[in-house]
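Asker: The structure is given below, and queries will be raised subsequently.
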Amino acid sequence: MSSSTTLYGGAAGRRVTVRDLIAAKERGERWPMITAYDAMTARVFDQAGIPVLLVGDSAAMVVYGYDSTLPVTVDDLLPLTAAVVRGSARALVVADLPFGSYQGSPQQALESAARFMKEAGAHAVKLEGGRRVLPQVELLVSAGIPVMAHLGLTPQSVNVLGGYRVQGRGQSGDELMSDAKDLERAGAFSVVLECVPAELAERVTASIAIPTIGIGAGPATDAQVLVWQDLMGLTQRPARFVKQYADLATEMDRAVRAYAADVISGAFPEAGHTYG
């Protein structure tokens with residue numbers, strides 16, 4: 001497989017498109033997605049070859065300090081999305097539609113999504129839910145806005161679901177399968193599966209032609225997504241599905257303490273960091 005056709009780390013001559021993601025599924029190529037909320041980290045992830053960057057409503061916690069995703073607004077996420085678009089050159093940038101910005105009606109969803117596309121330059125949007133949001137998905141797609149769906153543990157519905165727990169066991173698994181197929185028919189280009197049994201995620205992945213993106217859904221999905229602060233070791237109590245690939249919290253603590261010590265002792269700034 002040439003670097004020009006490989007989704008992860010492929011040629012950077014143009015932006016990744018939703019067609020590229022579907023083609024990767026047809027080839028059997030797995031790929032990584034990661035969250036981003038600012039231009040600097042977006043540039044790092046983009047240059048590392050990550051094909052899809054998600055400006056998640058998880059910004060509510062990792063950027064704004066809330067306890068859940070519910071308080072974050074469209075106006076909160078628009079500047080973050082614009083920064084990620086400016087900081088990247090190849091990745092497809094997906095903006096989360098926050099709680100309360102699309103559930104009311106298809107027209108509300110269109111108005112919110114249009115702002116992300118027009119004002120922030122997003123290339124697609126993501127929304128949560130199954131059959132109840134099919135009219136929203138259909139209208140957005142008909143208006144030319146690519147939609148990433150999200151099933152399983154949908155954090156915006158955490159109060160209805162009774163907390164952050166695995167979804168899709170028993171009869172609810174059949175419902176999730178049906179929702180995934182309905183979302184595909186409605187025009188969604190991919191579907192996130194969060195905190196569902198691995199066996200169910202494998203069956204859903206095999207049953208639809210659009211990519212599945214797992215987070216706590218086992219290894220059989222077409223792609224995986226993590227919040228970047230989780231995988232970099234900045235989260236104090238990461239979820240079970242998180243694998244930490246670095247310990248930035250410890251390294252940042254070390255660096256800040258070293259800087260502070262140099263300032264207190266007068267070792268910084270030295271001649272090499274001073275203008276004559």
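Chains: A, B, ... in order of the structure tokens. Residues: from 1 per chain. Ligands: from 1, in order shown.
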Report as a tab-separated table (two decimals) with N, CA, C and O atoms, in the first residue's frame all protein, DNA and RNA residues lying within 7 Å of stretch 183-190 of chain A, evaluated on only C-alpha atoms, omitting residues in the same chain fewer than 2 positions from it.

Answerer:
```tsv
chain	number	residue	atom	x	y	z
A	18	VAL	N	-14.22	12.29	3.82
A	18	VAL	CA	-15.03	11.16	4.29
A	18	VAL	C	-14.91	9.98	3.33
A	18	VAL	O	-15.00	8.82	3.75
A	130	GLY	N	-29.35	7.66	18.41
A	130	GLY	CA	-29.75	6.75	17.35
A	130	GLY	C	-30.97	7.24	16.60
A	130	GLY	O	-30.96	8.32	16.01
A	134	LEU	N	-32.31	10.73	13.70
A	134	LEU	CA	-32.27	10.43	12.27
A	134	LEU	C	-32.73	11.62	11.42
A	134	LEU	O	-32.11	11.92	10.39
A	137	VAL	N	-29.81	13.99	11.17
A	137	VAL	CA	-28.75	13.48	10.28
A	137	VAL	C	-29.15	13.66	8.83
A	137	VAL	O	-28.35	14.13	8.00
A	138	GLU	N	-30.37	13.30	8.51
A	138	GLU	CA	-30.82	13.39	7.12
A	138	GLU	C	-30.78	14.83	6.60
A	138	GLU	O	-30.34	15.09	5.48
A	141	VAL	N	-27.03	16.04	6.19
A	141	VAL	CA	-26.38	15.43	5.03
A	141	VAL	C	-26.95	16.02	3.74
A	141	VAL	O	-26.22	16.32	2.79
A	146	PRO	N	-21.22	16.70	6.34
A	146	PRO	CA	-20.94	15.32	6.74
A	146	PRO	C	-21.18	15.12	8.23
A	146	PRO	O	-20.85	15.99	9.05
A	147	VAL	N	-21.76	13.97	8.58
A	147	VAL	CA	-22.14	13.69	9.96
A	147	VAL	C	-21.47	12.41	10.46
A	147	VAL	O	-21.60	11.35	9.85
A	148	MET	N	-20.78	12.54	11.58
A	148	MET	CA	-20.26	11.39	12.33
A	148	MET	C	-21.26	11.12	13.45
A	148	MET	O	-21.59	12.01	14.22
A	149	ALA	N	-21.76	9.89	13.53
A	149	ALA	CA	-22.74	9.52	14.55
A	149	ALA	C	-22.01	8.99	15.79
A	149	ALA	O	-20.80	8.76	15.77
A	179	ASP	N	-29.89	0.90	15.30
A	179	ASP	CA	-29.58	2.33	15.21
A	179	ASP	C	-28.41	2.57	14.25
A	179	ASP	O	-28.44	3.52	13.45
A	180	ALA	N	-27.39	1.73	14.34
A	180	ALA	CA	-26.22	1.90	13.48
A	180	ALA	C	-26.61	1.78	12.00
A	180	ALA	O	-26.17	2.57	11.16
A	181	LYS	N	-27.44	0.80	11.69
A	181	LYS	CA	-27.88	0.62	10.31
A	181	LYS	C	-28.76	1.78	9.86
A	181	LYS	O	-28.64	2.24	8.70
A	192	VAL	N	-19.21	6.47	15.98
A	192	VAL	CA	-18.44	6.18	17.18
A	192	VAL	C	-19.22	5.19	18.04
A	192	VAL	O	-20.42	5.36	18.25
A	210	ILE	N	-19.98	1.81	6.60
A	210	ILE	CA	-19.26	3.00	7.05
A	210	ILE	C	-18.35	2.63	8.22
A	210	ILE	O	-18.60	1.65	8.92
A	211	PRO	N	-17.27	3.38	8.43
A	211	PRO	CA	-16.33	3.04	9.50
A	211	PRO	C	-16.93	3.16	10.89
A	211	PRO	O	-17.74	4.06	11.16
A	212	THR	N	-16.52	2.25	11.77
A	212	THR	CA	-16.82	2.36	13.19
A	212	THR	C	-15.57	2.84	13.91
A	212	THR	O	-14.45	2.44	13.57
```

Asker: Please return, as a CSV table (one decimal) with all heavy atoms, in the first residue's frame, all residues of stretch 79-261 of chain A that DSSP assigns to strand (DSSP E or B) on the basis of the backbone.

Answerer:
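out_1.csv was written with the following content:
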```
chain,number,residue,atom,x,y,z
A,92,LEU,N,-8.8,15.6,8.6
A,92,LEU,CA,-10.3,16.0,8.6
A,92,LEU,C,-10.6,16.4,10.0
A,92,LEU,O,-10.4,15.7,11.0
A,92,LEU,CB,-11.1,14.7,8.2
A,92,LEU,CG,-12.6,14.9,8.2
A,92,LEU,CD1,-13.0,15.6,6.9
A,92,LEU,CD2,-13.3,13.5,8.3
A,93,VAL,N,-11.1,17.6,10.2
A,93,VAL,CA,-11.5,18.2,11.5
A,93,VAL,C,-13.0,18.0,11.7
A,93,VAL,O,-13.8,18.6,11.0
A,93,VAL,CB,-11.0,19.6,11.6
A,93,VAL,CG1,-11.4,20.2,13.0
A,93,VAL,CG2,-9.5,19.7,11.5
A,94,VAL,N,-13.3,17.3,12.8
A,94,VAL,CA,-14.7,17.0,13.1
A,94,VAL,C,-15.1,17.8,14.4
A,94,VAL,O,-14.4,17.7,15.4
A,94,VAL,CB,-15.0,15.5,13.3
A,94,VAL,CG1,-16.5,15.3,13.7
A,94,VAL,CG2,-14.6,14.7,12.1
A,95,ALA,N,-16.2,18.6,14.4
A,95,ALA,CA,-16.6,19.3,15.5
A,95,ALA,C,-17.8,18.7,16.2
A,95,ALA,O,-18.8,18.3,15.5
A,95,ALA,CB,-17.0,20.8,15.1
A,96,ASP,N,-17.7,18.5,17.5
A,96,ASP,CA,-18.8,18.0,18.2
A,96,ASP,C,-19.9,19.0,18.4
A,96,ASP,O,-19.7,20.2,18.7
A,96,ASP,CB,-18.4,17.6,19.7
A,96,ASP,CG,-18.5,16.2,20.0
A,96,ASP,OD1,-19.3,15.5,19.3
A,96,ASP,OD2,-17.8,15.7,20.9
A,124,ALA,N,-16.7,18.5,9.2
A,124,ALA,CA,-17.8,17.6,9.5
A,124,ALA,C,-18.2,17.9,11.0
A,124,ALA,O,-17.5,18.6,11.7
A,124,ALA,CB,-17.3,16.1,9.4
A,125,VAL,N,-19.4,17.3,11.4
A,125,VAL,CA,-19.8,17.5,12.7
A,125,VAL,C,-20.2,16.1,13.3
A,125,VAL,O,-20.4,15.1,12.5
A,125,VAL,CB,-21.0,18.4,12.8
A,125,VAL,CG1,-20.7,19.8,12.4
A,125,VAL,CG2,-22.2,17.8,12.1
A,126,LYS,N,-20.2,16.0,14.6
A,126,LYS,CA,-20.6,14.8,15.3
A,126,LYS,C,-21.8,15.1,16.2
A,126,LYS,O,-21.8,16.1,16.9
A,126,LYS,CB,-19.4,14.2,16.1
A,126,LYS,CG,-19.8,12.9,16.8
A,126,LYS,CD,-18.6,12.2,17.5
A,126,LYS,CE,-18.2,12.9,18.8
A,126,LYS,NZ,-19.3,12.7,19.8
A,147,VAL,N,-21.8,14.0,8.6
A,147,VAL,CA,-22.1,13.7,10.0
A,147,VAL,C,-21.5,12.4,10.5
A,147,VAL,O,-21.6,11.3,9.8
A,147,VAL,CB,-23.7,13.5,10.1
A,147,VAL,CG1,-24.0,13.1,11.5
A,147,VAL,CG2,-24.4,14.8,9.7
A,148,MET,N,-20.8,12.5,11.6
A,148,MET,CA,-20.3,11.4,12.3
A,148,MET,C,-21.3,11.1,13.5
A,148,MET,O,-21.6,12.0,14.2
A,148,MET,CB,-18.9,11.7,12.9
A,148,MET,CG,-18.3,10.6,13.8
A,148,MET,SD,-16.6,11.1,14.4
A,148,MET,CE,-15.6,10.9,12.9
A,149,ALA,N,-21.8,9.9,13.5
A,149,ALA,CA,-22.7,9.5,14.5
A,149,ALA,C,-22.0,9.0,15.8
A,149,ALA,O,-20.8,8.8,15.8
A,149,ALA,CB,-23.7,8.5,14.0
A,150,HIS,N,-22.8,8.8,16.9
A,150,HIS,CA,-22.2,8.3,18.1
A,150,HIS,C,-23.2,7.5,18.9
A,150,HIS,O,-24.3,8.1,19.2
A,150,HIS,CB,-21.8,9.6,18.9
A,150,HIS,CG,-21.0,9.3,20.2
A,150,HIS,ND1,-20.1,10.1,20.7
A,150,HIS,CD2,-21.0,8.2,21.1
A,150,HIS,CE1,-19.6,9.7,21.8
A,150,HIS,NE2,-20.2,8.5,22.1
A,151,LEU,N,-22.9,6.2,19.1
A,151,LEU,CA,-23.8,5.3,19.8
A,151,LEU,C,-23.1,4.7,21.1
A,151,LEU,O,-21.9,4.8,21.2
A,151,LEU,CB,-24.3,4.2,18.9
A,151,LEU,CG,-25.2,4.6,17.7
A,151,LEU,CD1,-25.3,3.4,16.8
A,151,LEU,CD2,-26.5,5.2,18.2
A,152,GLY,N,-23.9,4.0,21.9
A,152,GLY,CA,-23.4,3.4,23.1
A,152,GLY,C,-23.5,4.3,24.2
A,152,GLY,O,-24.6,4.9,24.5
A,190,SER,N,-19.8,7.8,9.4
A,190,SER,CA,-19.1,6.9,10.4
A,190,SER,C,-19.9,6.9,11.6
A,190,SER,O,-20.8,7.8,11.8
A,190,SER,CB,-17.6,7.4,10.6
A,190,SER,OG,-17.7,8.8,11.2
A,191,VAL,N,-19.5,6.0,12.6
A,191,VAL,CA,-20.2,6.0,13.8
A,191,VAL,C,-19.2,5.6,14.9
A,191,VAL,O,-18.5,4.7,14.9
A,191,VAL,CB,-21.4,5.0,13.8
A,191,VAL,CG1,-21.0,3.6,13.4
A,191,VAL,CG2,-22.1,5.0,15.1
A,192,VAL,N,-19.2,6.5,16.0
A,192,VAL,CA,-18.4,6.2,17.2
A,192,VAL,C,-19.2,5.2,18.0
A,192,VAL,O,-20.4,5.4,18.3
A,192,VAL,CB,-18.2,7.5,18.0
A,192,VAL,CG1,-17.5,7.2,19.3
A,192,VAL,CG2,-17.3,8.4,17.2
A,193,LEU,N,-18.5,4.2,18.5
A,193,LEU,CA,-19.1,3.2,19.5
A,193,LEU,C,-18.4,3.3,20.8
A,193,LEU,O,-17.2,3.0,20.9
A,193,LEU,CB,-19.0,1.8,18.9
A,193,LEU,CG,-19.7,1.5,17.6
A,193,LEU,CD1,-19.3,0.1,17.1
A,193,LEU,CD2,-21.2,1.7,17.6
A,194,GLU,N,-19.1,3.9,21.8
A,194,GLU,CA,-18.4,4.1,23.1
A,194,GLU,C,-18.9,3.2,24.1
A,194,GLU,O,-20.1,3.1,24.4
A,194,GLU,CB,-18.6,5.6,23.5
A,194,GLU,CG,-17.9,5.9,24.8
A,194,GLU,CD,-17.9,7.4,25.2
A,194,GLU,OE1,-18.3,8.2,24.3
A,194,GLU,OE2,-17.3,7.7,26.2
A,212,THR,N,-16.5,2.3,11.8
A,212,THR,CA,-16.8,2.4,13.2
A,212,THR,C,-15.6,2.8,13.9
A,212,THR,O,-14.4,2.4,13.6
A,212,THR,CB,-17.3,1.0,13.8
A,212,THR,OG1,-16.2,0.0,13.5
A,212,THR,CG2,-18.6,0.6,13.2
A,213,ILE,N,-15.8,3.7,14.9
A,213,ILE,CA,-14.7,4.3,15.7
A,213,ILE,C,-14.9,3.9,17.1
A,213,ILE,O,-15.8,4.3,17.7
A,213,ILE,CB,-14.6,5.8,15.5
A,213,ILE,CG1,-14.5,6.1,14.0
A,213,ILE,CG2,-13.4,6.4,16.3
A,213,ILE,CD1,-14.9,7.6,13.7
A,214,GLY,N,-14.0,3.1,17.7
A,214,GLY,CA,-14.2,2.6,19.0
A,214,GLY,C,-13.5,3.4,20.1
A,214,GLY,O,-12.5,4.0,19.9
A,215,ILE,N,-14.2,3.5,21.2
A,215,ILE,CA,-13.6,4.0,22.5
A,215,ILE,C,-14.2,3.2,23.6
A,215,ILE,O,-15.3,3.3,24.0
A,215,ILE,CB,-13.9,5.6,22.6
A,215,ILE,CG1,-13.3,6.0,23.9
A,215,ILE,CG2,-15.3,5.9,22.5
A,215,ILE,CD1,-13.2,7.6,24.1
A,223,ALA,N,-11.5,2.0,13.6
A,223,ALA,CA,-10.7,3.0,14.1
A,223,ALA,C,-10.8,3.1,15.6
A,223,ALA,O,-11.7,2.4,16.2
A,223,ALA,CB,-11.0,4.4,13.5
A,224,GLN,N,-9.9,3.8,16.2
A,224,GLN,CA,-9.9,4.1,17.7
A,224,GLN,C,-9.8,5.5,17.9
A,224,GLN,O,-9.1,6.3,17.1
A,224,GLN,CB,-8.8,3.3,18.4
A,224,GLN,CG,-8.8,1.8,18.2
A,224,GLN,CD,-10.0,1.1,19.0
A,224,GLN,OE1,-10.4,1.7,20.0
A,224,GLN,NE2,-10.4,0.0,18.6
A,225,VAL,N,-10.4,6.0,19.0
A,225,VAL,CA,-10.3,7.4,19.4
A,225,VAL,C,-10.0,7.5,20.9
A,225,VAL,O,-10.5,6.7,21.7
A,225,VAL,CB,-11.5,8.3,19.0
A,225,VAL,CG1,-12.7,7.8,19.7
A,225,VAL,CG2,-11.3,9.8,19.3
A,226,LEU,N,-9.1,8.5,21.3
A,226,LEU,CA,-8.9,8.8,22.6
A,226,LEU,C,-8.8,10.3,22.8
A,226,LEU,O,-8.4,11.0,21.9
A,226,LEU,CB,-7.6,8.1,23.2
A,226,LEU,CG,-7.7,6.6,23.5
A,226,LEU,CD1,-6.3,6.1,23.9
A,226,LEU,CD2,-8.7,6.3,24.5
```

Asker: Which residues come within 7 Å of stretch 227-233 of chain A, counting only C-alpha atoms, excluding same-chain residues fewer than 3 positions away, as a ChimeraX atom specification?

Answerer: /A:34-36,238,242-249

Asker: Quick one, how far is atom CA of A:Arg15 from atom CA of A:Val52?

Answerer: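 Atom-to-atom, atom CA of A:Arg15 and atom CA of A:Val52 are spaced 9.7 Å apart.
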
Asker: Grab the atom CA of A:Pro197 to atom CA of A:Glu26 distance for me, in Å with one decimal place.

Answerer: 23.5 Å

Asker: Could you pull out all residues of stretch 100-210 of chain A with a DSSP call of alpha helix (DSSP H) and give them as number ranges by chain?

Answerer: A: 106-119, 134-142, 158-161, 171-186, 198-207

Asker: Could you check how far atom CA of A:Tyr66 sits from atom CA of A:Tyr37, in Å to one decimal?

Answerer: 15.3 Å

Asker: Which is closest to A:Leu80 among A:Ser101, A:Gln236, A:Thr205, A:Thr41, if we use only C-alpha atoms?

Answerer: A:Thr41

Asker: Would you write out, as CSV, a table of all residues in stretch 84-118 of chain A that have an atom no more than 7 Å from an atom of stretch 42-46 of chain A, listing for each the closest atom pair and the distance in Å to one decimal, considering only C-alpha atoms and ordering rows by chain and rising residue number?

Answerer:
```
residue,atom,partner,partner_atom,distance
A:Val84,CA,A:Ala42,CA,5.4
A:Gly87,CA,A:Arg43,CA,4.9
A:Ser88,CA,A:Arg43,CA,5.1
A:Ala89,CA,A:Asp46,CA,6.9
A:Arg90,CA,A:Asp46,CA,6.5
A:Ala91,CA,A:Asp46,CA,6.0
```

Asker: Can you write just those residues out, C-alpha atoms, as a tab-separated table (two decimals), in the first residue's frame?

Answerer:
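Resulting contents of selection-v5.tsv:
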```
chain	number	residue	atom	x	y	z
A	84	VAL	CA	-7.57	23.20	15.21
A	87	GLY	CA	-3.19	24.36	13.08
A	88	SER	CA	-3.66	21.38	10.77
A	89	ALA	CA	-3.08	20.88	7.06
A	90	ARG	CA	-4.13	17.30	6.27
A	91	ALA	CA	-6.48	16.00	8.96
```
